[in-house]
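Reproduced below: data-v8.csv, with CSV, C-alpha atoms and all ligand atoms.
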```csv
chain,number,residue,atom,x,y,z
A,1,MET,CA,58.6,76.7,96.5
A,2,THR,CA,58.5,75.4,93.0
A,3,ASP,CA,55.4,73.4,91.9
A,4,PHE,CA,56.8,70.2,90.4
A,5,THR,CA,53.4,68.6,89.9
A,6,GLN,CA,53.1,69.8,86.3
A,7,ALA,CA,56.3,67.8,85.6
A,8,ASP,CA,55.0,64.7,87.3
A,9,SER,CA,53.4,62.8,84.4
A,10,SER,CA,56.2,63.2,82.0
A,11,TYR,CA,58.7,62.5,84.7
A,12,ALA,CA,57.0,59.1,85.4
A,13,GLU,CA,56.9,58.3,81.7
A,14,LYS,CA,60.6,59.1,81.2
A,15,ALA,CA,61.7,57.2,84.3
A,16,GLY,CA,60.7,54.1,82.3
A,17,PRO,CA,60.6,50.5,83.4
A,18,LEU,CA,62.9,50.8,86.4
A,19,VAL,CA,62.0,47.7,88.3
A,20,THR,CA,59.5,45.9,86.0
A,21,THR,CA,61.0,42.5,86.6
A,22,LEU,CA,60.4,42.7,90.4
A,23,THR,CA,57.3,41.3,92.2
A,24,PRO,CA,55.0,44.0,93.6
A,25,ARG,CA,56.0,43.0,97.1
A,26,ILE,CA,59.7,43.5,96.4
A,27,LYS,CA,59.0,46.8,94.7
A,28,ALA,CA,57.1,47.9,97.8
A,29,GLU,CA,59.9,46.8,100.1
A,30,VAL,CA,62.5,48.7,98.0
A,31,LEU,CA,60.4,51.9,98.2
A,32,ALA,CA,59.7,51.4,101.9
A,33,GLU,CA,63.5,51.0,102.5
A,34,ALA,CA,64.1,54.5,101.2
A,35,LEU,CA,62.0,56.2,103.8
A,36,PRO,CA,64.5,56.5,106.7
A,37,TYR,CA,67.2,57.7,104.2
A,38,ILE,CA,64.8,60.3,102.8
A,39,ARG,CA,64.1,61.5,106.3
A,40,ARG,CA,67.8,61.5,107.2
A,41,PHE,CA,68.9,63.5,104.2
A,42,HIS,CA,65.8,65.8,103.8
A,43,GLY,CA,67.0,69.4,103.4
A,44,LYS,CA,70.7,68.3,103.3
A,45,THR,CA,73.2,68.9,100.5
A,46,ILE,CA,74.7,66.1,98.6
A,47,VAL,CA,77.5,66.8,96.2
A,48,VAL,CA,77.7,64.5,93.2
A,49,LYS,CA,80.9,64.4,91.1
A,50,TYR,CA,79.8,63.1,87.7
A,51,GLY,CA,83.0,61.9,86.0
A,52,GLY,CA,83.5,62.1,82.3
A,53,ASN,CA,84.0,58.3,82.2
A,54,ALA,CA,80.5,57.8,83.7
A,55,MET,CA,78.7,59.8,81.1
A,56,THR,CA,79.9,58.0,77.9
A,57,GLU,CA,76.6,56.2,77.3
A,58,GLU,CA,73.1,57.8,76.9
A,59,ARG,CA,71.6,55.1,79.1
A,60,LEU,CA,73.9,56.1,81.9
A,61,GLN,CA,73.2,59.8,81.4
A,62,ARG,CA,69.5,59.2,81.6
A,63,SER,CA,69.8,57.1,84.8
A,64,PHE,CA,72.0,59.8,86.3
A,65,ALA,CA,69.6,62.7,85.4
A,66,HIS,CA,66.6,60.6,86.7
A,67,ASP,CA,68.3,60.0,90.0
A,68,VAL,CA,69.3,63.6,90.5
A,69,VAL,CA,65.7,64.8,89.9
A,70,LEU,CA,64.3,62.2,92.2
A,71,LEU,CA,66.6,63.3,95.0
A,72,LYS,CA,65.5,66.9,94.5
A,73,LEU,CA,61.8,66.0,94.4
A,74,VAL,CA,62.1,64.2,97.8
A,75,GLY,CA,63.7,67.3,99.4
A,76,ILE,CA,67.4,66.5,99.2
A,77,ASN,CA,69.7,69.1,97.5
A,78,PRO,CA,72.0,67.6,94.9
A,79,ILE,CA,74.8,69.8,93.6
A,80,VAL,CA,76.4,68.4,90.5
A,81,VAL,CA,80.1,68.9,89.7
A,82,HIS,CA,81.0,67.4,86.3
A,83,GLY,CA,84.2,66.3,84.6
A,84,GLY,CA,84.7,65.5,81.0
A,85,GLY,CA,88.2,64.2,80.6
A,86,PRO,CA,87.5,61.7,77.8
A,87,GLN,CA,85.3,64.3,76.0
A,88,ILE,CA,88.2,66.8,76.1
A,89,ASP,CA,90.5,64.1,74.8
A,90,SER,CA,88.2,63.5,71.8
A,91,ALA,CA,88.0,67.3,71.1
A,92,LEU,CA,91.8,67.6,71.3
A,93,LYS,CA,92.2,64.8,68.8
A,94,ARG,CA,90.0,66.6,66.4
A,95,VAL,CA,92.4,69.5,66.4
A,96,GLY,CA,95.4,67.2,66.1
A,97,LYS,CA,96.5,67.3,69.8
A,98,GLN,CA,97.1,64.5,72.2
A,99,GLY,CA,96.3,65.0,75.9
A,100,THR,CA,99.2,64.5,78.4
A,101,PHE,CA,98.8,64.0,82.2
A,102,VAL,CA,101.1,64.4,85.2
A,103,GLN,CA,99.8,62.8,88.4
A,104,GLY,CA,96.2,62.8,87.0
A,105,MET,CA,96.4,66.5,85.9
A,106,ARG,CA,96.1,67.5,82.2
A,107,VAL,CA,99.0,69.6,81.0
A,108,THR,CA,97.1,72.6,79.7
A,109,ASP,CA,98.7,75.0,77.2
A,110,ALA,CA,96.7,78.0,75.9
A,111,GLU,CA,95.2,76.1,73.0
A,112,THR,CA,94.2,73.2,75.2
A,113,MET,CA,92.6,75.6,77.7
A,114,GLU,CA,90.4,76.9,74.9
A,115,VAL,CA,89.3,73.4,74.1
A,116,VAL,CA,88.7,72.7,77.8
A,117,GLU,CA,86.5,75.7,78.2
A,118,TRP,CA,84.6,75.0,75.1
A,119,VAL,CA,84.0,71.3,76.0
A,120,LEU,CA,83.3,71.6,79.7
A,121,GLY,CA,81.5,74.9,79.7
A,122,GLY,CA,79.7,74.0,76.5
A,123,GLU,CA,78.7,70.7,75.1
A,124,VAL,CA,79.2,68.5,78.2
A,125,GLN,CA,77.5,70.8,80.6
A,126,GLN,CA,74.6,71.6,78.3
A,127,ASP,CA,73.9,67.9,77.8
A,128,ILE,CA,73.7,67.3,81.5
A,129,VAL,CA,71.5,70.4,82.0
A,130,MET,CA,69.2,69.4,79.2
A,131,MET,CA,68.9,65.8,80.4
A,132,ILE,CA,68.1,66.8,84.0
A,133,ASN,CA,65.5,69.3,82.7
A,134,GLU,CA,64.0,66.6,80.5
A,135,PHE,CA,63.2,64.6,83.7
A,136,GLY,CA,61.4,67.6,85.2
A,137,GLY,CA,64.3,69.2,87.2
A,138,LYS,CA,65.5,72.7,86.9
A,139,ALA,CA,69.2,72.5,86.3
A,140,VAL,CA,71.4,75.6,85.8
A,141,GLY,CA,74.9,75.3,84.4
A,142,LEU,CA,77.7,77.3,86.0
A,143,THR,CA,81.5,77.5,85.6
A,144,GLY,CA,83.7,78.6,88.4
A,145,LYS,CA,83.6,82.1,86.9
A,146,ASP,CA,79.9,82.6,87.5
A,147,GLY,CA,79.1,84.6,90.6
A,148,GLY,CA,82.8,84.4,91.5
A,149,LEU,CA,82.4,80.8,92.5
A,150,ILE,CA,85.9,79.4,92.1
A,151,ARG,CA,89.0,81.5,92.5
A,152,ALA,CA,92.1,79.7,91.3
A,153,ASN,CA,95.9,79.9,91.4
A,154,LYS,CA,98.3,78.4,88.9
A,155,MET,CA,99.1,74.9,90.2
A,156,ARG,CA,102.5,74.3,91.6
A,157,MET,CA,103.2,70.6,91.2
A,158,PRO,CA,106.3,69.4,93.1
A,159,ASP,CA,108.8,67.8,90.7
A,160,LYS,CA,109.4,64.3,92.1
A,161,ASN,CA,112.8,64.0,90.4
A,162,ASN,CA,114.0,67.4,91.4
A,163,PRO,CA,113.3,68.2,95.1
A,164,GLY,CA,112.3,71.8,95.8
A,165,ALA,CA,111.5,72.4,92.1
A,166,PHE,CA,108.0,72.6,90.5
A,167,LEU,CA,106.6,71.4,87.2
A,168,ASP,CA,104.9,73.9,84.9
A,169,LEU,CA,101.5,72.4,83.9
A,170,GLY,CA,100.4,75.6,82.1
A,171,PHE,CA,96.8,76.7,82.8
A,172,VAL,CA,96.2,74.0,85.5
A,173,GLY,CA,94.6,75.6,88.5
A,174,GLU,CA,94.4,74.8,92.2
A,175,ILE,CA,91.6,76.2,94.2
A,176,ALA,CA,92.4,79.4,96.1
A,177,SER,CA,88.9,80.0,97.4
A,178,ILE,CA,85.2,79.2,96.9
A,179,ASP,CA,82.4,81.6,97.2
A,180,PRO,CA,79.3,79.4,97.4
A,181,SER,CA,76.7,82.2,97.5
A,182,VAL,CA,75.5,81.6,93.9
A,183,VAL,CA,75.2,77.9,94.5
A,184,LYS,CA,73.2,78.5,97.8
A,185,ALA,CA,70.9,81.0,96.1
A,186,LEU,CA,70.1,78.5,93.3
A,187,GLN,CA,69.7,75.6,95.6
A,188,ASP,CA,67.3,77.5,97.9
A,189,ASP,CA,65.3,78.4,94.8
A,190,GLN,CA,64.9,74.7,93.9
A,191,PHE,CA,67.4,74.8,91.0
A,192,ILE,CA,70.0,72.1,90.6
A,193,PRO,CA,73.4,73.7,90.1
A,194,VAL,CA,75.6,71.9,87.5
A,195,ILE,CA,79.2,73.1,87.9
A,196,SER,CA,82.1,72.8,85.5
A,197,PRO,CA,85.6,72.8,87.0
A,198,ILE,CA,86.9,76.1,85.5
A,199,GLY,CA,88.3,78.7,87.9
A,200,PHE,CA,89.4,82.3,87.4
A,201,GLY,CA,92.7,83.8,88.6
A,202,GLU,CA,93.7,87.1,90.1
A,203,ASP,CA,95.4,87.6,86.7
A,204,GLY,CA,91.9,87.5,85.0
A,205,LEU,CA,92.7,84.2,83.3
A,206,ALA,CA,90.7,81.0,83.2
A,207,TYR,CA,92.2,77.9,84.8
A,208,ASN,CA,91.5,74.2,84.3
A,209,ILE,CA,90.9,72.5,87.6
A,210,ASN,CA,90.5,68.7,88.1
A,211,ALA,CA,86.8,68.1,88.7
A,212,ASP,CA,87.5,65.9,91.7
A,213,LEU,CA,89.3,68.8,93.5
A,214,VAL,CA,86.3,71.1,92.8
A,215,ALA,CA,83.7,68.5,94.0
A,216,GLY,CA,85.6,67.9,97.3
A,217,LYS,CA,86.1,71.6,98.0
A,218,ILE,CA,82.5,72.5,97.2
A,219,ALA,CA,81.3,69.7,99.5
A,220,GLU,CA,83.5,71.0,102.2
A,221,VAL,CA,82.5,74.6,101.9
A,222,LEU,CA,78.8,73.9,101.6
A,223,ARG,CA,79.1,71.5,104.6
A,224,ALA,CA,77.6,68.8,102.5
A,225,GLU,CA,76.2,65.7,104.2
A,226,LYS,CA,77.7,63.5,101.5
A,227,LEU,CA,80.1,63.5,98.6
A,228,VAL,CA,79.5,60.8,95.9
A,229,MET,CA,82.1,60.5,93.2
A,230,MET,CA,80.9,58.5,90.1
A,231,THR,CA,83.6,57.0,88.0
A,232,ASN,CA,84.3,54.0,85.8
A,233,THR,CA,85.5,51.4,88.3
A,234,PRO,CA,83.6,49.5,91.0
A,235,GLY,CA,85.5,51.8,93.5
A,236,VAL,CA,89.1,51.7,94.6
A,237,LEU,CA,90.7,48.4,93.8
A,238,ASP,CA,93.7,46.7,95.5
A,239,LYS,CA,96.7,45.3,93.6
A,240,ASN,CA,94.7,42.1,92.7
A,241,GLY,CA,91.7,44.1,91.4
A,242,ASN,CA,89.5,43.4,94.4
A,243,LEU,CA,87.2,46.2,95.6
A,244,LEU,CA,88.3,47.9,98.8
A,245,THR,CA,84.9,48.8,100.5
A,246,GLY,CA,86.4,51.1,103.1
A,247,LEU,CA,89.6,53.2,103.3
A,248,THR,CA,91.1,55.3,106.0
A,249,ALA,CA,94.0,57.8,105.8
A,250,ASN,CA,96.6,55.3,106.8
A,251,LYS,CA,95.6,52.7,104.3
A,252,ILE,CA,95.5,55.4,101.6
A,253,ASP,CA,99.1,56.4,102.4
A,254,GLU,CA,100.0,52.7,101.9
A,255,LEU,CA,98.2,52.5,98.6
A,256,PHE,CA,99.9,55.7,97.4
A,257,ALA,CA,103.3,54.5,98.5
A,258,ASP,CA,103.1,51.0,96.8
A,259,GLY,CA,101.7,52.4,93.6
A,260,THR,CA,98.3,50.8,93.8
A,261,ILE,CA,96.7,54.2,93.1
A,262,SER,CA,97.7,56.0,89.9
A,263,GLY,CA,96.4,58.3,87.2
A,264,GLY,CA,93.0,59.9,87.7
A,265,MET,CA,92.5,58.0,91.0
A,266,LEU,CA,95.3,60.1,92.6
A,267,PRO,CA,93.4,63.5,92.7
A,268,LYS,CA,90.1,61.6,93.4
A,269,ILE,CA,91.3,59.9,96.6
A,270,SER,CA,93.2,62.9,97.8
A,271,SER,CA,90.2,65.1,97.4
A,272,ALA,CA,87.8,62.5,98.9
A,273,LEU,CA,90.1,62.2,102.0
A,274,GLU,CA,90.3,66.0,102.4
A,275,ALA,CA,86.5,66.2,102.3
A,276,ALA,CA,86.2,63.5,104.9
A,277,LYS,CA,88.7,65.2,107.1
A,278,SER,CA,87.0,68.5,106.7
A,279,GLY,CA,83.6,67.3,108.0
A,280,VAL,CA,81.7,65.9,105.1
A,281,ASN,CA,79.9,63.1,106.8
A,282,SER,CA,80.2,60.4,104.2
A,283,VAL,CA,82.4,60.2,101.1
A,284,HIS,CA,82.0,57.5,98.5
A,285,ILE,CA,83.7,56.5,95.2
A,286,VAL,CA,81.1,54.5,93.2
A,287,ASP,CA,80.7,52.9,89.8
A,288,GLY,CA,78.9,55.3,87.5
A,289,ARG,CA,78.5,52.5,85.0
A,290,VAL,CA,75.9,50.9,87.2
A,291,GLU,CA,72.4,52.2,86.4
A,292,HIS,CA,70.9,54.1,89.4
A,293,VAL,CA,74.0,53.8,91.5
A,294,LEU,CA,73.1,57.2,93.1
A,295,LEU,CA,69.8,55.9,94.4
A,296,LEU,CA,71.5,52.7,95.6
A,297,GLU,CA,74.1,54.7,97.4
A,298,ILE,CA,71.9,57.3,98.9
A,299,LEU,CA,68.5,55.7,99.5
A,300,THR,CA,69.2,52.1,100.2
A,301,ALA,CA,71.1,50.0,102.7
A,302,GLN,CA,73.1,48.4,99.9
A,303,GLY,CA,76.8,49.1,100.2
A,304,VAL,CA,78.3,50.3,96.9
A,305,GLY,CA,81.8,51.3,96.0
A,306,THR,CA,84.5,52.5,98.4
A,307,MET,CA,83.8,54.7,101.4
A,308,ILE,CA,86.6,57.0,102.4
A,309,ARG,CA,87.0,57.8,106.1
A,310,SER,CA,89.3,60.2,107.8
A,311,HIS,CA,90.3,57.6,110.5
B,1,LIG,N1,93.6,51.5,92.7
B,1,LIG,C1,92.8,51.9,91.7
B,1,LIG,N2,91.5,51.5,91.7
B,1,LIG,C2,90.6,51.9,90.8
B,1,LIG,N3,90.9,52.7,89.7
B,1,LIG,C3,92.2,53.1,89.6
B,1,LIG,C4,93.2,52.8,90.6
B,1,LIG,N4,94.4,53.3,90.3
B,1,LIG,C5,94.2,54.0,89.1
B,1,LIG,N5,92.9,53.9,88.7
B,1,LIG,C6,92.3,54.6,87.5
B,1,LIG,O1,91.6,55.7,87.9
B,1,LIG,C7,90.5,55.8,86.9
B,1,LIG,C8,89.4,56.7,87.4
B,1,LIG,O2,89.9,58.1,87.4
B,1,LIG,P1,89.5,59.0,86.1
B,1,LIG,O3,90.0,58.4,84.8
B,1,LIG,O4,90.1,60.4,86.4
B,1,LIG,O5,88.0,59.0,86.1
B,1,LIG,P2,86.8,60.1,86.2
B,1,LIG,O6,86.7,60.6,84.8
B,1,LIG,O7,85.6,59.4,86.7
B,1,LIG,O8,87.3,61.2,87.2
B,1,LIG,C9,90.1,54.4,86.7
B,1,LIG,O9,89.4,54.2,85.4
B,1,LIG,C10,91.4,53.6,86.7
B,1,LIG,O10,92.0,53.5,85.4
B,2,LIG,C1,93.6,69.7,85.4
B,2,LIG,C2,92.7,68.6,84.9
B,2,LIG,O1,93.2,67.5,84.7
B,2,LIG,N1,91.5,68.9,84.5
B,2,LIG,C3,90.5,68.0,84.0
B,2,LIG,C4,89.2,68.6,84.1
B,2,LIG,C5,88.1,67.6,83.7
B,2,LIG,C6,88.0,66.4,84.6
B,2,LIG,O2,88.5,66.5,85.8
B,2,LIG,O3,87.3,65.4,84.1
B,2,LIG,P1,87.1,63.9,84.8
B,2,LIG,O4,86.4,64.1,86.1
B,2,LIG,O5,86.2,63.2,83.8
B,2,LIG,O6,88.5,63.3,84.9
B,2,LIG,C7,90.9,67.7,82.5
B,2,LIG,O7,91.4,68.5,81.8
B,2,LIG,O8,90.7,66.5,82.1
```

As structure tokens, what does this structure read like?
Ligand SMILES: Nc1ncnc2c1ncn2[C@@H]1O[C@H](COP(=O)(O)OP(=O)(O)O)[C@@H](O)[C@H]1O
Ligand SMILES: CC(=O)N[C@@H](CCC(=O)OP(=O)(O)O)C(=O)O
Amino acid sequence: MTDFTQADSSYAEKAGPLVTTLTPRIKAEVLAEALPYIRRFHGKTIVVKYGGNAMTEERLQRSFAHDVVLLKLVGINPIVVHGGGPQIDSALKRVGKQGTFVQGMRVTDAETMEVVEWVLGGEVQQDIVMMINEFGGKAVGLTGKDGGLIRANKMRMPDKNNPGAFLDLGFVGEIASIDPSVVKALQDDQFIPVISPIGFGEDGLAYNINADLVAGKIAEVLRAEKLVMMTNTPGVLDKNGNLLTGLTANKIDELFADGTISGGMLPKISSALEAAKSGVNSVHIVDGRVEHVLLLEILTAQGVGTMIRSH
């Protein structure tokens, strides 16, 4: 077991004035409310998908890192899968390229793949790792290549306009298999794995995989208790922009059919539903722009975002 006590004083300082405006009694009640959740989730794995849109401000990055460390310190095992779509877009712009997407998937030519690897496996991941470590956690960055974690195949995306045909999205991967042994070893040793969604193919090439797909599959393979997807909307919204607090497979089919769900929400919901069907106990899409949304979702009775259920 790791001794975290040495990190405690700096941890408390960096956590900052979380609830300074609350009365002592309310503060105590909030803390007391966490106990049954800590007991329920102690020793369990929670996969957190940290979307690129939820990491655009330092304030939010700090809140995220703080919450992940707190979860680890109370005996819950967070596994972070990160995205970085907007960060890849900015990097592509700098080299004079514009990102294009089909059904929420980035069309990835060889040059784009280089940028994807460089941004996700580099800058974005290292920022998250450093921030978690700053709060006293022990984060380790991995790509799907490390320890043979994510095997990928080239994605075959059905062409809607041409039944039976497939679109060529370049180096976009779909998951062939996951070998979670490296993640389990790190988690058992009190590390916090931070995974970027890059897989490797039989052909020895790297593939760009949508981070939502990776998060869902990892949650499934690790038999996670929970999957929390942090994004930049209050959750899944209906046609009028109202939050849908709970969704089942049938309702999701309807939302797909009438076009309520589009863009990046397509892979997110599909992956969330797959995870729910495959035994992940609770699956949530939450607003990563709300500070400490992870603590709200995991350690309080407060309902946040959209919960996805298999039925
Ligand atoms: N019905 C919907 N409800 C909420 N967001 C939706 C919906 N349909 C499409 N979206 C889009 O999906 C986006 C979230 O997906 P994405 O951009 O991939 O985020 P992330 O980087 O967090 O994975 C939202 O910002 C929104 O523009
Ligand atoms: C194939 C594909 O679309 N890959 C994504 C990987 C990053 C990602 O998923 O980032 P977010 O979670 O921030 O959207 C991309 O290139 O943008």

Point to revise | Within 7 Å of stretch 280-283 of chain A using only C-alpha atoms, minus same-chain residues under 2 positions, as number ranges by chain | key: A: 219-220, 223-228, 272, 275-276, 278, 307-308

Check your understanding: Closest to ligand LIG 1 (chain B) among A:Asn77, A:Asn250, A:Thr245, A:Gln187, using only C-alpha atoms and all ligand atoms?
Key ->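 Going through A:Asn77, A:Asn250, A:Thr245, A:Gln187 one by one, the smallest distance to ligand LIG 1 (chain B) is for A:Thr245.
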
Review point. So, counting only C-alpha atoms and all ligand atoms, which residue among A:Lys154, A:Lys239, A:Arg106, A:Lys44 is closest to ligand LIG 2 (chain B)?
Key: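 Distance minimum relative to ligand LIG 2 (chain B) lands on A:Arg106.
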
Check your understanding: To one decimal place, how far is atom CA of A:Asp89 from atom O3 of ligand LIG 2 (chain B) in Å?
Key ->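 One can read the atom CA of A:Asp89 to atom O3 of ligand LIG 2 (chain B) distance as 9.9 Å.
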
Check your understanding: Which is closest to A:Leu295 among A:Tyr50, A:Trp118, A:Phe191, A:Phe64, if we use only C-alpha atoms?
Key -> A:Phe64

Point to revise | Surrounding residues of A:Asp179 excluding itself and chain neighbours under 5 positions, 7 Å, all atoms listed in the file, as a PyMOL selection string | key: chain A and resi 148-150

Review point. Which residues come within 12 Å of A:Glu174, counting only C-alpha atoms, excluding same-chain residues fewer than 3 positions away, as a PyMOL selection string?
Key: chain A and resi 105+144+150-157+169-171+177-178+197-201+206-214+217+267+271

**Study point:** Neighbourhood of ligand LIG 1 (chain B) at 9 Å, counting all atoms listed in the file, reported as a ChimeraX atom specification
**Key:** /A:49-55,82-86,104-105,210-212,229-239,241-244,255-256,259-268,287-288

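Between ligand LIG 2 (chain B) and the candidates A:Ala215, A:Val95, A:Ala139, A:Ile38, the tightest atom-to-atom separation, counting only C-alpha atoms and all ligand atoms, involves A:Ala215.
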
Point to revise | Among the residues A:Ala185, A:Val68, A:Val116, A:Leu296, the one that comes closest to A:Glu134 [using all atoms listed in the file] | key: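 Comparing A:Ala185, A:Val68, A:Val116, A:Leu296 against A:Glu134, the winner is A:Val68.
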
Check your understanding: Restricting the calculation to all atoms listed in the file, which member of A:Gly246, A:Ile298, A:Val286, A:Lys145 is positioned closest to A:Phe41?
Key ->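 For A:Phe41, the nearest of the candidates is A:Ile298.
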
Would you save stretch 27-58 of chain A from the block above with C-alpha atoms, as a compact mmCIF listing (two decimals), in the first residue's frame?
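Below you can see result-v8.txt, which holds the result:
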```txt
# COMPACT_ATOMS: atom_id res chain seq x y z
CA LYS A 27 -20.44 21.28 5.30
CA ALA A 28 -20.68 18.48 7.85
CA GLU A 29 -23.90 17.19 6.28
CA VAL A 30 -22.33 17.12 2.82
CA LEU A 31 -19.37 15.16 4.14
CA ALA A 32 -21.61 12.77 6.08
CA GLU A 33 -23.71 12.15 2.96
CA ALA A 34 -20.65 10.75 1.22
CA LEU A 35 -20.18 7.87 3.70
CA PRO A 36 -22.66 5.34 2.24
CA TYR A 37 -21.30 6.01 -1.26
CA ILE A 38 -17.71 5.59 -0.13
CA ARG A 39 -18.68 2.31 1.50
CA ARG A 40 -20.59 1.14 -1.58
CA PHE A 41 -17.82 1.97 -4.04
CA HIS A 42 -14.81 1.10 -1.87
CA GLY A 43 -12.48 -1.21 -3.80
CA LYS A 44 -14.59 -0.83 -6.97
CA THR A 45 -13.43 0.49 -10.33
CA ILE A 46 -14.93 3.62 -11.83
CA VAL A 47 -14.00 4.54 -15.40
CA VAL A 48 -14.02 8.26 -16.06
CA LYS A 49 -14.08 9.49 -19.66
CA TYR A 50 -12.55 12.95 -19.61
CA GLY A 51 -13.62 14.61 -22.85
CA GLY A 52 -11.52 17.21 -24.64
CA ASN A 53 -14.35 19.71 -24.29
CA ALA A 54 -14.31 19.36 -20.50
CA MET A 55 -10.60 20.18 -20.18
CA THR A 56 -10.45 23.52 -21.92
CA GLU A 57 -10.08 25.62 -18.73
CA GLU A 58 -7.44 25.23 -16.03
```
